[in-house]
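Enquirer: My questions all concern the structure below.
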Amino acid sequence: MTAMIWPPPERGGEPPVTLPTGERELASWARPADQGAMDSQTPATTTGGTSAGWLARGNPEQVHQIVYRWADPTLTGIRGVGPVATSLARGELERWDGQLRESVWAATADPPADTAWLADDTGTSGTGPNAVRAAGYAYLLVPAGAAIIRKTPTVDGDGRPGSTFAHVLVGSPEQLTVATALGLYAWAGWLGAVAQPPAGGRLLPLELSGLIGAAQSGIAQLDEPHRQLRSPISELITTVVDTVFASPAAPVTIVGTVPAPLTVVYALVSILGSAGGPWTFGTRERTDLGAAAPRLVLLAPGADLLAADQDRRRVNANQRPPAHPEARFARALVREFIRAGGAGMVALQPARPVTVAADVAAWEQQVSVAPGILPGDVADAGRRLLGDAPRPEDRELFEAQNGAFAHAGLGWLPDAALIELATVVLARLTASGKSGMAHGQRLAANTIGDVAVDACLNGPYPDRQPVLDATAALSLPPPLVRARLEAHLARPATLEHRLDLLRIMDVLGCPIRSDDRLAAAMFADLSGPRLLDLAVRLAGEERYLAMLLAEVVAVRRDPALAEMRRDNALPLRRYLSQLARVLGSDPAETTRLFTLLFGGAYGRWLPARVVREILAVAQETTDDPLLWVAQRLARGRVRREVERTVVARHWRSRGLPQPQRGRTPPAWPGVAQPTPPAGPSRSDPPTGSPS
Amino acid sequence: VTTSEPASGDRAVDPSASRRRRTAGTRGTGQPCPICLRAGWDDLDNVRVISQDRASYVPFTPDPWETEESLRTRLTEAYLRCEGRGSPHHLPIALTDGRFVSLRVGFVGAGRTGKTHLFTAMIQRLGMDTALVNRCGLRVSGLDRRLHQEFMGTRVRRMFNDYAVLDATPSGAPINLAEALLVDNIRTGRSYAVSFFDVSGERLQQADADRDFLGGLDGLVFVVDPTTIRGLTRLTGPTGGVVGDEAFRLSIEQLSLVRNPNRYPFIPIPAVVVVNKADRLRFQHLGVDHWLERANEDGEEVNLRTVRAESADVYAMLATHGGKAWLDPVERFVDTTLHYASATGVDPVEGSFPRDRFRPRRPLKPLLTLFAMMGIIDRTGLDQPAADPPYGGSAAGGR
C-alpha cells in the first residue's frame with residue numbers, strides 16, 4: 001500500500017513523495033528545500049490561500065493541514081500544546097487555531113481492547129516519550145469551515161501523560177463533508193505521534209482528489225460489514241436513532257464502551273442523513289460539555305459523566321432498545337441499514353427537513369409501506385415466502401389490500417435488491433416450477449415479477465441493464481408483462497420513453513408487433529412522416545424498432561400514404577427509398593414492409609407511372625428492395641420492365657454479360673425464384689416476391 | 001463579598017413557612033458567576049440537583065413536607081446553573097448562598113510549569129496535615145462532596161498513593177472549579193468557601209481564549225518554572241525563553257482592566273509568586289537549598305514570619321539570574337510574596353515519581369500566605385517578620 005503524502009514542491013525538482021505506509025513518518029515531515037519558516041506571506045503558491053477568507057480565496061482543489069503537539073514555543077507563540085506545523089498562512093492558522101484548539105485534545109483513558117483498529121500503528125506501547133494510545137477521530141464544523149481531527153493521547157517530553165498529538169485537515173464544508181471524514185478514518189496519510197515537526201513548521205497542502213479517493217475506499221470498508229451488525233451494536237444504533245427522533249435537533253452522547261465506534265457513527269449518519277441538521281462527531285471525546293462539542297459524541301471511558309447541558313441527550317451504550325410503539329420506525333430503519341447498508345438508506349431519506357418530532361412522523365409516513373414496515377421488510381417477507389421458512393404474516397403482507405402493500409414496498413427497493421429478489425424467484429422456479437409452488441410462493445413470485453417489470457419500464461433503456469437481465473431471465477408470461485406495459489401506457493410518456501418501452505419489451509421476450517393494438521395506441525398521436533422519419537433514424541442500429549414503426553404506418557393506413565398518389569408526393573417516395581436502403585440487409589422483411597406501405601397507398605396494384613418512378617429511383621440508388629416491391633406490385637407491361645431491370649442489374653452486379661432473351665434470370669439471394677414473365681396481361685399477379 | 005443569615009435549623013411545622021425559610025436559604029446574593037461573571041444567575045429557578053441515576057442535573061423541587069435535615073442533605077449536592085455564554089455550567093450552591101464568605105483562587109502559569117502538581121500538593125497538605133493546619137486555627141473540609149471526591153481520587157490519590165504523574169490539564173474542557181473547600185477559622189468563627197481554578201497553561205497564554213473567571217479572582221498563585229529561565233538552569237541547558245511568561249502578562253493585563261479600572265498603582269488583589277520545581281535549583285543556588293531544608297523544621301510552613309525573608313531571597317535570585325520578567329506580579333499587585341516550593345521534590349521517571357525521593361517541599365506556605373493576605377487567617381506574622389532573617393535575605397521582598 002502506498003500513500004501520496006505530499007504534493008510536489010513548488011519548485012526545486014523534488015518529485016512527489018510516494019512511500020510505503022511504513023515509511024511515511026519521517027518523510028511526511030520533510031519540507032521542500034526551498035521553503036523557509038512560516039511568515040506572514042502566503043506560504044506556498046500551491047496553497048492558493050492567503051490570510052483572508054478561506055472560502056473566498058482558498059484553492060478548492062487543496063486541503064490544508066495543521067499538526068498540534070506540545071512545544072515551546074508553538075507556531076502561535078505559546079508554551080504548551082499548539083500548532084507546530086501547518087500548510088496555512090499565519091493569519092489563517094490563527095483563525096483556525098482559535099476555533100479548533102479546544103477540540104484537539106485527546107481523551108487519555110486507556111481504550112478498550114476492541115478498538116484496536118484505531119490504535120496508532122506508528123507508536124510504541126508503554127509510558128516512554130513515544131507512547132501513544134488509541135486515537136480519537138472527530139469531524140467538526142466551525143465558522144472557519146470543516147475540520148477532520150485525528151488525535152492521539154501521548155506524553156510530553158518529560159513523560160507527563162495527558163498531552164495530545166493531533167493531525168488536522170481543514171477546508172470548506174463542501175470539500176470536507178461528513179462522508180469524506182468518515183471515509184478518511186483509515187487514510188494512510190495520518191501522522192503518528194512519534195513524528196517530529198520540520199524546522200519552521202512548513203507543510204504543504206494536500207490534493208483534495210487524493211483524499212476523496214481514499215475516502216471512497218474507506219466508506220466502502222465501513223459499509224461492508226453492515227449485514228454482520230448484531231446486538232449489541234444494532235441495539236445501540238436503534239436506541240440512538242430513537243433518541244434522536246424524540247428531539248431531532250438535540251446533540252447526542254453515547255456513554256460507555258462502544259465496540260466499533262466508526263461503524264456506529266457511519267450507521268447513524270447513514271440512517272439519519274440530514275435529519276436534525278448537519279452531522280459532526282467525535283469517537284473518543286473526553287467531554288461532551290461546551291459549545292464546541294460535536295453533535296454526536298462518544299465519550300471515552302473515564303470521562304466526566306455528569307451532564308451539564310440538559311439539551312444534550314445521553315444514551316448508555318448498554319441501554320436496551322426502547323420498547324414503546326413509537327420506536328418502530330427506528331427499528332425499521334436499522335433493519336433496513338443492516339439489510340442494505342448505506343446505499344440502501346439513500347432512498348429513505350426525508351423529503352423535508354426534520355427538526356421536531358412531528359417531522360419524524362411525516363418522514364415515517366413518507367417512506368413506510370405500513371406502520372413500522374419499510375420496503376426492505378416486504379422484500380424480506382418475499383424472500384421468506386419463496387424460501388423454506390415462510391411466516392404467516394409474510395403471506396398476509398403480500399395479500400394485504402390486494403397486494404398493494406407488497407407492490408408499494410417492493411417498488412421502493414433499489415435495483416440491487418430487486419435483482420436479488422428476481423434471483424430468488426428464478427431459483428424457486430427452477431427448483432419446483434410454477435406448478436410446484438404453494439399459493440403464497442406464487443403470490444410472491446408474481447408480485448416480484450410485476451415490480452421487476454415495472455422497474456424495467458420505469459427507467460430509461462438500458463440504464464437498468466442488470467435489472468433487465470434478471471427480469472428477462474425470469475421468462476415471465478407475456479400477458480403479465482403486457483399488463484404492466486398497459487399500466488404504464490396509461491401515463492403520458494415522452495416519445496423516447498415510448499421507444500424505450502418497446503426496447504424493454506423486446507428484451508423481456510415480449511416484443512410488440514405492428515398489428516398489436518398496443519403499438520397502434522402508443523403512436524396514435526404521431527403522424528406517418530414522423531414515424532417514418534424515426535424509422536429511418538433508427539434503422540441502422542435498431543432494425544426491430546424501425547420495422548415496427550414503419551409497419552405501424554402501413555397497418556393503420558396512414559393518410560400520409562394516400563398522399564403518395566399525388567405527383568407532388570415524390571419526396572415521400574424518395575424518403576421511403578432511404579428506408580429501403582437502410583433496411584435492405586433483410587430482403588424478405590424489407591420487401592414485406594414496402595409491399596405493405598405501397599399497398600397501403602395504392603391498393604393491390606401499383607399504377608404504371610409509379611412503377612416507372614420507382615424504377616428510376618432504384619436505378620439511381622441501386623435500391624434492390626424497391627425493385628422487388630415494384631416487381632411484386634406491378635402488373636402487365638410495366639412488370640416486365642421491372643423484371644428486365646432486375647435481370648440486368650443482376651448480371652451487371654456480377655460483371656457478366658447479360659444472357660440472351662429466353663434464358664431464366666438468376667435468383668436473388670434470399671429471394672424465391674420469380675416466375676418468368678409469361679407475357680403482358682392485366683391479370684398477372686405479382687410473383688416471385690418474398691412473402 | 002456579601003454574606004447572609006445561615007439557614008435556620010428549626011424543624012419545619014408549617015409547610016409554607018418552611019418553604020419560605022428554605023427559599024431564603026438559597027436566595028441569590030447578587031454575586032456574579034465565578035466562571036463567566038454574569039449576574040442574575042443565582043436565583044431559585046436555576047437550582048439543580050443531581051438526578052438519581054447520577055447522570056444529569058435536574059431542577060430542584062422543594063418538598064413541602066420535607067424536614068430541614070432532609071432539605072440540607074439534599075442541598076449538599078445542589079448546584080446553581082449558569083447559562084454562561086452558550087456553555088452552561090453548574091456551581092455548588094454553597095458558594096453563593098451567602099452562608100460562607102466566598103473566595104476564589106486561581107493558578108497562573110504557562111504550560112508545564114507544574115501548576116497542577118503544586119495545587120494538588122497544596123490541597124493534600126491543607127486537607128491531610130490536620131495538626132499543622134490547626135496551628136493556624138483552620139479546619140478544612142470539602143465544600144462539595146462530589147467535587148472533593150473527584151479531586152481526591154483523580155489527583156491526590158494518584159499523586160500521593162500511586163506516585164503517578166498527573167495528566168496535563170487539557171484546554172479543551174470547559175472552565176470549571178478544580179476544587180472547593182470549606183475553610184473554617186476556628187479563632188474568628190468565620191467560614192470561607194474557597195474555590196480554586198486550575199486551568200491549562202495554553203488557555204492562559206491565548207489572548208482570545210475564554211477566561212473570564214480571572215476577573216472574579218480574590219487571590220492568585222503565579223507559578224514559575226525555573227527551567228524556563230536560562231540564567232537559572234545552566235546545567236540543564238537553555239531550555240527556556242527570556243521574555244517571561246505570556247500567561248503572567250495576559251492575566252495581569254486582564255485583571256488590571258477588570259479589577260483596577262481607575263488605574264491605581266496596584267491591582268487590589270493579593271498574589272503569591274511560587275518558584276516551583278525548586279529542587280532543581282538547590283545545588284546551583286545555595287539560598288534555595290536553605291529554604292528547602294527549612295521545610296523540615298517543625299512549623300516552618302505555617303510560620304508566616306519568615307515569608308518576607310523568603311520573598312526577598314526569591315526576588316533577588318530571579319532578578320539577578322535572568323528572571324526579571326517573571327517578577328511582574330510583584331510590581332503590579334498590592335500584596336505579593338514570593339516563595340520556593342517543589343510539588344514533588346523529584347523528577348518523574350517513566351511516568352511516575354520515585355517513591356523513595358518523593359517529598360513535596362513547602363507547598364503549603366504560599367497558600368497559607370495567600371490565605372493571610374485574603375483575610376482568612378491572621379496576617380500578623382506577615383507584617384511582623386522575624387528579627388533575624390534565617391539566610392542572608394533582606395526584608396525587601398514583601399510589600
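Ordering of the C-alpha cells sets the chain letters (A, B, ...); residue numbers start at 1 within each chain; ligands are numbered from 1 in the order shown.
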Would you kindly report the residues of chain B within 6 Å of chain A, using only C-alpha atoms, as an mmCIF file with all heavy atoms, in the first residue's frame?
Expert:
data_model
loop_
_atom_site.group_PDB
_atom_site.id
_atom_site.type_symbol
_atom_site.label_atom_id
_atom_site.label_comp_id
_atom_site.auth_asym_id
_atom_site.auth_seq_id
_atom_site.Cartn_x
_atom_site.Cartn_y
_atom_site.Cartn_z
ATOM 1 N N ALA B 55 -26.560 10.973 36.399
ATOM 2 C CA ALA B 55 -26.075 11.243 35.047
ATOM 3 C C ALA B 55 -26.353 12.663 34.600
ATOM 4 O O ALA B 55 -25.796 13.107 33.603
ATOM 5 C CB ALA B 55 -26.717 10.272 34.055
ATOM 6 N N SER B 56 -27.213 13.354 35.311
ATOM 7 C CA SER B 56 -27.535 14.696 34.829
ATOM 8 C C SER B 56 -28.031 15.567 35.982
ATOM 9 O O SER B 56 -28.342 15.072 37.068
ATOM 10 C CB SER B 56 -28.598 14.626 33.727
ATOM 11 O OG SER B 56 -29.769 14.047 34.257
ATOM 12 N N SER B 87 -22.403 28.140 27.038
ATOM 13 C CA SER B 87 -21.797 26.960 27.643
ATOM 14 C C SER B 87 -22.225 26.887 29.109
ATOM 15 O O SER B 87 -21.563 27.437 29.990
ATOM 16 C CB SER B 87 -20.267 27.044 27.519
ATOM 17 O OG SER B 87 -19.686 25.914 28.095
ATOM 18 N N GLY B 111 2.153 26.461 30.183
ATOM 19 C CA GLY B 111 2.051 25.022 30.228
ATOM 20 C C GLY B 111 3.296 24.392 30.822
ATOM 21 O O GLY B 111 4.412 24.871 30.642
ATOM 22 N N ASP B 167 -2.042 13.868 34.784
ATOM 23 C CA ASP B 167 -2.244 14.244 33.389
ATOM 24 C C ASP B 167 -2.167 15.758 33.227
ATOM 25 O O ASP B 167 -2.552 16.514 34.124
ATOM 26 C CB ASP B 167 -3.619 13.781 32.906
ATOM 27 C CG ASP B 167 -3.615 12.285 32.629
ATOM 28 O OD1 ASP B 167 -2.593 11.638 32.894
ATOM 29 O OD2 ASP B 167 -4.645 11.792 32.155
ATOM 30 N N ALA B 168 -1.691 16.142 32.074
ATOM 31 C CA ALA B 168 -1.704 17.570 31.753
ATOM 32 C C ALA B 168 -3.150 18.065 31.760
ATOM 33 O O ALA B 168 -4.072 17.339 31.407
ATOM 34 C CB ALA B 168 -1.083 17.797 30.387
ATOM 35 N N SER B 171 -6.902 21.955 27.629
ATOM 36 C CA SER B 171 -7.570 23.237 27.435
ATOM 37 C C SER B 171 -8.909 23.057 26.755
ATOM 38 O O SER B 171 -9.632 24.005 26.553
ATOM 39 C CB SER B 171 -6.694 24.180 26.616
ATOM 40 O OG SER B 171 -6.625 23.737 25.282
ATOM 41 N N GLY B 172 -9.225 21.800 26.389
ATOM 42 C CA GLY B 172 -10.468 21.588 25.677
ATOM 43 C C GLY B 172 -11.695 21.604 26.562
ATOM 44 O O GLY B 172 -12.778 21.938 26.126
ATOM 45 N N PRO B 174 -14.480 22.652 29.259
ATOM 46 C CA PRO B 174 -14.983 23.944 29.724
ATOM 47 C C PRO B 174 -14.387 24.289 31.088
ATOM 48 O O PRO B 174 -14.092 23.399 31.891
ATOM 49 C CB PRO B 174 -16.495 23.719 29.836
ATOM 50 C CG PRO B 174 -16.779 22.552 28.968
ATOM 51 C CD PRO B 174 -15.558 21.697 29.011
ATOM 52 N N GLU B 202 -2.154 26.607 28.326
ATOM 53 C CA GLU B 202 -2.455 27.043 26.960
ATOM 54 C C GLU B 202 -3.552 28.097 26.961
ATOM 55 O O GLU B 202 -3.462 29.106 26.280
ATOM 56 C CB GLU B 202 -2.891 25.844 26.107
ATOM 57 C CG GLU B 202 -1.783 24.899 25.730
ATOM 58 C CD GLU B 202 -1.540 23.841 26.794
ATOM 59 O OE1 GLU B 202 -2.159 23.954 27.878
ATOM 60 O OE2 GLU B 202 -0.739 22.921 26.561
ATOM 61 N N GLU B 350 9.737 7.706 33.857
ATOM 62 C CA GLU B 350 8.790 6.879 33.111
ATOM 63 C C GLU B 350 7.385 6.950 33.685
ATOM 64 O O GLU B 350 6.747 5.939 33.968
ATOM 65 C CB GLU B 350 9.273 5.432 33.051
ATOM 66 C CG GLU B 350 10.543 5.280 32.224
ATOM 67 C CD GLU B 350 10.866 3.823 31.960
ATOM 68 O OE1 GLU B 350 10.263 2.962 32.607
ATOM 69 O OE2 GLU B 350 11.719 3.579 31.101
ATOM 70 N N GLY B 351 6.931 8.156 33.858
ATOM 71 C CA GLY B 351 5.527 8.340 34.202
ATOM 72 C C GLY B 351 5.196 8.279 35.673
ATOM 73 O O GLY B 351 4.029 8.423 36.046
#
Enquirer: List the spatial neighbours of B:Leu364 as a list in words - criterion: any atom at most 9 Å away, only C-alpha atoms, same-chain residues fewer than 3 positions off excluded.
Expert: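 Near neighbours after the sequence-gap exclusion: Ala121, Met122, Ile123, Gln124, Arg125, Leu126, Glu301, Val302, Ala341, Arg361, Leu367, Leu368 and Thr369 of chain B.
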Enquirer: Atom CA of B:Thr306 and atom CA of B:Pro360 are how many Å apart?
Expert: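 Taking atom CA of B:Thr306 as the start and atom CA of B:Pro360 as the end point, the length is 19.0 Å.
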Enquirer: With only C-alpha atoms as the counted atoms, please give the residues lying no more than 12 Å from B:Pro32, apart from itself and same-chain residues fewer than 2 positions off, as a PyMOL selection string.
Expert: chain B and resi 1-2+28-30+34-43+80+82+84+91+95-96+102+212-213+215-217
Enquirer: How about saving the chosen residues, N, CA and C atoms kept, as a PDB file, in the first residue's frame?
Expert:
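result.pdb, written as the output of this step:
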ATOM      1  N   VAL B   1     -17.922  40.955  48.569  1.00  0.00           N
ATOM      2  CA  VAL B   1     -18.452  39.684  49.042  1.00  0.00           C
ATOM      3  C   VAL B   1     -19.517  39.967  50.078  1.00  0.00           C
ATOM      4  N   THR B   2     -20.642  39.351  49.917  1.00  0.00           N
ATOM      5  CA  THR B   2     -21.739  39.559  50.847  1.00  0.00           C
ATOM      6  C   THR B   2     -22.043  38.269  51.563  1.00  0.00           C
ATOM      7  N   GLY B  28     -30.381  34.056  45.943  1.00  0.00           N
ATOM      8  CA  GLY B  28     -29.121  34.565  45.444  1.00  0.00           C
ATOM      9  C   GLY B  28     -28.657  35.804  46.162  1.00  0.00           C
ATOM     10  N   THR B  29     -27.372  35.990  46.132  1.00  0.00           N
ATOM     11  CA  THR B  29     -26.781  37.134  46.817  1.00  0.00           C
ATOM     12  C   THR B  29     -26.374  38.220  45.840  1.00  0.00           C
ATOM     13  N   GLY B  30     -26.641  38.025  44.593  1.00  0.00           N
ATOM     14  CA  GLY B  30     -26.282  39.040  43.604  1.00  0.00           C
ATOM     15  C   GLY B  30     -24.852  38.974  43.151  1.00  0.00           C
ATOM     16  N   PRO B  34     -18.835  32.993  39.209  1.00  0.00           N
ATOM     17  CA  PRO B  34     -17.365  32.991  39.285  1.00  0.00           C
ATOM     18  C   PRO B  34     -16.692  32.605  37.975  1.00  0.00           C
ATOM     19  N   ILE B  35     -17.413  31.942  37.120  1.00  0.00           N
ATOM     20  CA  ILE B  35     -16.783  31.454  35.886  1.00  0.00           C
ATOM     21  C   ILE B  35     -16.933  32.451  34.739  1.00  0.00           C
ATOM     22  N   CYS B  36     -18.151  32.944  34.561  1.00  0.00           N
ATOM     23  CA  CYS B  36     -18.353  33.826  33.407  1.00  0.00           C
ATOM     24  C   CYS B  36     -18.663  35.264  33.828  1.00  0.00           C
ATOM     25  N   LEU B  37     -18.802  35.499  35.135  1.00  0.00           N
ATOM     26  CA  LEU B  37     -19.037  36.828  35.700  1.00  0.00           C
ATOM     27  C   LEU B  37     -20.388  37.417  35.299  1.00  0.00           C
ATOM     28  N   ARG B  38     -21.300  36.571  34.810  1.00  0.00           N
ATOM     29  CA  ARG B  38     -22.632  37.078  34.518  1.00  0.00           C
ATOM     30  C   ARG B  38     -23.407  37.244  35.810  1.00  0.00           C
ATOM     31  N   ALA B  39     -24.285  38.228  35.823  1.00  0.00           N
ATOM     32  CA  ALA B  39     -25.115  38.463  37.006  1.00  0.00           C
ATOM     33  C   ALA B  39     -26.491  37.832  36.766  1.00  0.00           C
ATOM     34  N   GLY B  40     -27.279  37.763  37.846  1.00  0.00           N
ATOM     35  CA  GLY B  40     -28.645  37.310  37.713  1.00  0.00           C
ATOM     36  C   GLY B  40     -28.801  35.830  37.482  1.00  0.00           C
ATOM     37  N   TRP B  41     -27.818  35.088  37.854  1.00  0.00           N
ATOM     38  CA  TRP B  41     -27.877  33.642  37.615  1.00  0.00           C
ATOM     39  C   TRP B  41     -28.252  32.871  38.871  1.00  0.00           C
ATOM     40  N   ASP B  42     -28.038  33.476  40.030  1.00  0.00           N
ATOM     41  CA  ASP B  42     -28.183  32.701  41.265  1.00  0.00           C
ATOM     42  C   ASP B  42     -29.561  32.885  41.894  1.00  0.00           C
ATOM     43  N   ASP B  43     -30.600  32.590  41.159  1.00  0.00           N
ATOM     44  CA  ASP B  43     -31.918  32.607  41.777  1.00  0.00           C
ATOM     45  C   ASP B  43     -32.474  31.187  41.820  1.00  0.00           C
ATOM     46  N   LEU B  80     -26.078  25.540  41.295  1.00  0.00           N
ATOM     47  CA  LEU B  80     -26.713  26.627  40.563  1.00  0.00           C
ATOM     48  C   LEU B  80     -26.252  26.566  39.116  1.00  0.00           C
ATOM     49  N   CYS B  82     -25.674  28.168  35.628  1.00  0.00           N
ATOM     50  CA  CYS B  82     -25.486  29.447  34.947  1.00  0.00           C
ATOM     51  C   CYS B  82     -25.412  29.162  33.459  1.00  0.00           C
ATOM     52  N   GLY B  84     -24.151  30.841  31.235  1.00  0.00           N
ATOM     53  CA  GLY B  84     -22.892  31.268  30.626  1.00  0.00           C
ATOM     54  C   GLY B  84     -23.130  31.925  29.280  1.00  0.00           C
ATOM     55  N   LEU B  91     -22.462  25.271  39.560  1.00  0.00           N
ATOM     56  CA  LEU B  91     -21.573  25.563  40.678  1.00  0.00           C
ATOM     57  C   LEU B  91     -22.247  25.173  41.978  1.00  0.00           C
ATOM     58  N   LEU B  95     -21.428  27.931  47.441  1.00  0.00           N
ATOM     59  CA  LEU B  95     -20.528  29.021  47.071  1.00  0.00           C
ATOM     60  C   LEU B  95     -21.247  30.359  47.059  1.00  0.00           C
ATOM     61  N   THR B  96     -22.533  30.307  46.835  1.00  0.00           N
ATOM     62  CA  THR B  96     -23.225  31.570  46.573  1.00  0.00           C
ATOM     63  C   THR B  96     -24.446  31.787  47.438  1.00  0.00           C
ATOM     64  N   SER B 102     -17.355  33.765  50.256  1.00  0.00           N
ATOM     65  CA  SER B 102     -16.863  33.061  49.076  1.00  0.00           C
ATOM     66  C   SER B 102     -15.613  33.736  48.533  1.00  0.00           C
ATOM     67  N   ASP B 212     -12.844  34.394  31.466  1.00  0.00           N
ATOM     68  CA  ASP B 212     -13.473  35.471  32.220  1.00  0.00           C
ATOM     69  C   ASP B 212     -13.280  35.299  33.720  1.00  0.00           C
ATOM     70  N   PHE B 213     -13.119  34.048  34.154  1.00  0.00           N
ATOM     71  CA  PHE B 213     -13.037  33.782  35.592  1.00  0.00           C
ATOM     72  C   PHE B 213     -11.931  34.587  36.259  1.00  0.00           C
ATOM     73  N   GLY B 215     -11.234  37.595  36.117  1.00  0.00           N
ATOM     74  CA  GLY B 215     -11.717  38.866  36.666  1.00  0.00           C
ATOM     75  C   GLY B 215     -12.418  38.727  37.997  1.00  0.00           C
ATOM     76  N   GLY B 216     -12.818  37.524  38.360  1.00  0.00           N
ATOM     77  CA  GLY B 216     -13.510  37.331  39.625  1.00  0.00           C
ATOM     78  C   GLY B 216     -12.639  36.763  40.720  1.00  0.00           C
ATOM     79  N   LEU B 217     -11.357  36.639  40.475  1.00  0.00           N
ATOM     80  CA  LEU B 217     -10.485  36.009  41.474  1.00  0.00           C
ATOM     81  C   LEU B 217     -10.213  36.949  42.640  1.00  0.00           C
TER      82      LEU B 217
END
Enquirer: Taking 4 positions as the minimum chain separation for residues in the same chain, which residues sit within 10 Å of A:Leu222 when counting only C-alpha atoms? Answer as a ChimeraX atom specification.
Expert: /A:182-183,185-186,216-218,226,262-267,341-342
Enquirer: Would you mind listing what lies within 10 Å of A:Glu486 as a PyMOL selection string, with only C-alpha atoms counted and same-chain residues fewer than 4 positions away left out?
Expert: chain A and resi 480-482+490-491+518+521-522
Enquirer: Taking the chain letters and numbering used in this document, name the residues of stretch 74-240 of chain B that DSSP puts in strand (DSSP E or B), as a PyMOL selection string.
Expert: chain B and resi 78-82+89-92+101-108+138-142+164+179-185+190-197+219-224
Enquirer: Excluding B:Ile269 and residues on its chain fewer than 3 positions from it, collect all residues at most 8 Å away from it, counting only C-alpha atoms, and give them as a ChimeraX atom specification.
Expert: /B:218-220,333-335
Enquirer: Restricting it to all heavy atoms, dump the selection as a PDB file, in the first residue's frame.
Expert:
ATOM      1  N   ASP B 218     -10.030  36.334  43.815  1.00  0.00           N
ATOM      2  CA  ASP B 218      -9.688  37.103  45.015  1.00  0.00           C
ATOM      3  C   ASP B 218      -8.234  36.893  45.411  1.00  0.00           C
ATOM      4  O   ASP B 218      -7.743  37.557  46.325  1.00  0.00           O
ATOM      5  CB  ASP B 218     -10.593  36.673  46.170  1.00  0.00           C
ATOM      6  CG  ASP B 218     -12.054  36.891  45.833  1.00  0.00           C
ATOM      7  OD1 ASP B 218     -12.452  38.050  45.625  1.00  0.00           O
ATOM      8  OD2 ASP B 218     -12.792  35.891  45.731  1.00  0.00           O
ATOM      9  N   GLY B 219      -7.567  35.964  44.774  1.00  0.00           N
ATOM     10  CA  GLY B 219      -6.163  35.736  45.064  1.00  0.00           C
ATOM     11  C   GLY B 219      -5.550  34.919  43.952  1.00  0.00           C
ATOM     12  O   GLY B 219      -6.232  34.113  43.309  1.00  0.00           O
ATOM     13  N   LEU B 220      -4.260  35.181  43.699  1.00  0.00           N
ATOM     14  CA  LEU B 220      -3.624  34.475  42.590  1.00  0.00           C
ATOM     15  C   LEU B 220      -2.344  33.799  43.040  1.00  0.00           C
ATOM     16  O   LEU B 220      -1.621  34.310  43.902  1.00  0.00           O
ATOM     17  CB  LEU B 220      -3.284  35.450  41.453  1.00  0.00           C
ATOM     18  CG  LEU B 220      -4.488  35.949  40.659  1.00  0.00           C
ATOM     19  CD1 LEU B 220      -4.785  37.373  41.048  1.00  0.00           C
ATOM     20  CD2 LEU B 220      -4.235  35.837  39.183  1.00  0.00           C
ATOM     21  N   PHE B 333       0.688  43.921  41.800  1.00  0.00           N
ATOM     22  CA  PHE B 333      -0.362  43.594  42.775  1.00  0.00           C
ATOM     23  C   PHE B 333      -0.064  44.252  44.115  1.00  0.00           C
ATOM     24  O   PHE B 333       1.083  44.425  44.504  1.00  0.00           O
ATOM     25  CB  PHE B 333      -0.482  42.076  42.940  1.00  0.00           C
ATOM     26  CG  PHE B 333      -1.095  41.416  41.743  1.00  0.00           C
ATOM     27  CD1 PHE B 333      -0.309  41.004  40.681  1.00  0.00           C
ATOM     28  CD2 PHE B 333      -2.474  41.232  41.667  1.00  0.00           C
ATOM     29  CE1 PHE B 333      -0.873  40.412  39.569  1.00  0.00           C
ATOM     30  CE2 PHE B 333      -3.046  40.644  40.549  1.00  0.00           C
ATOM     31  CZ  PHE B 333      -2.251  40.233  39.495  1.00  0.00           C
ATOM     32  N   VAL B 334      -1.129  44.534  44.799  1.00  0.00           N
ATOM     33  CA  VAL B 334      -0.989  45.310  46.022  1.00  0.00           C
ATOM     34  C   VAL B 334      -0.291  44.520  47.116  1.00  0.00           C
ATOM     35  O   VAL B 334       0.395  45.072  47.970  1.00  0.00           O
ATOM     36  CB  VAL B 334      -2.379  45.812  46.479  1.00  0.00           C
ATOM     37  CG1 VAL B 334      -3.245  44.637  46.942  1.00  0.00           C
ATOM     38  CG2 VAL B 334      -2.260  46.859  47.561  1.00  0.00           C
ATOM     39  N   ASP B 335      -0.455  43.243  47.117  1.00  0.00           N
ATOM     40  CA  ASP B 335       0.111  42.402  48.163  1.00  0.00           C
ATOM     41  C   ASP B 335       0.724  41.175  47.508  1.00  0.00           C
ATOM     42  O   ASP B 335      -0.005  40.334  46.970  1.00  0.00           O
ATOM     43  CB  ASP B 335      -1.022  41.965  49.116  1.00  0.00           C
ATOM     44  CG  ASP B 335      -0.660  42.222  50.555  1.00  0.00           C
ATOM     45  OD1 ASP B 335       0.478  42.656  50.803  1.00  0.00           O
ATOM     46  OD2 ASP B 335      -1.522  41.998  51.416  1.00  0.00           O
TER      47      ASP B 335
END
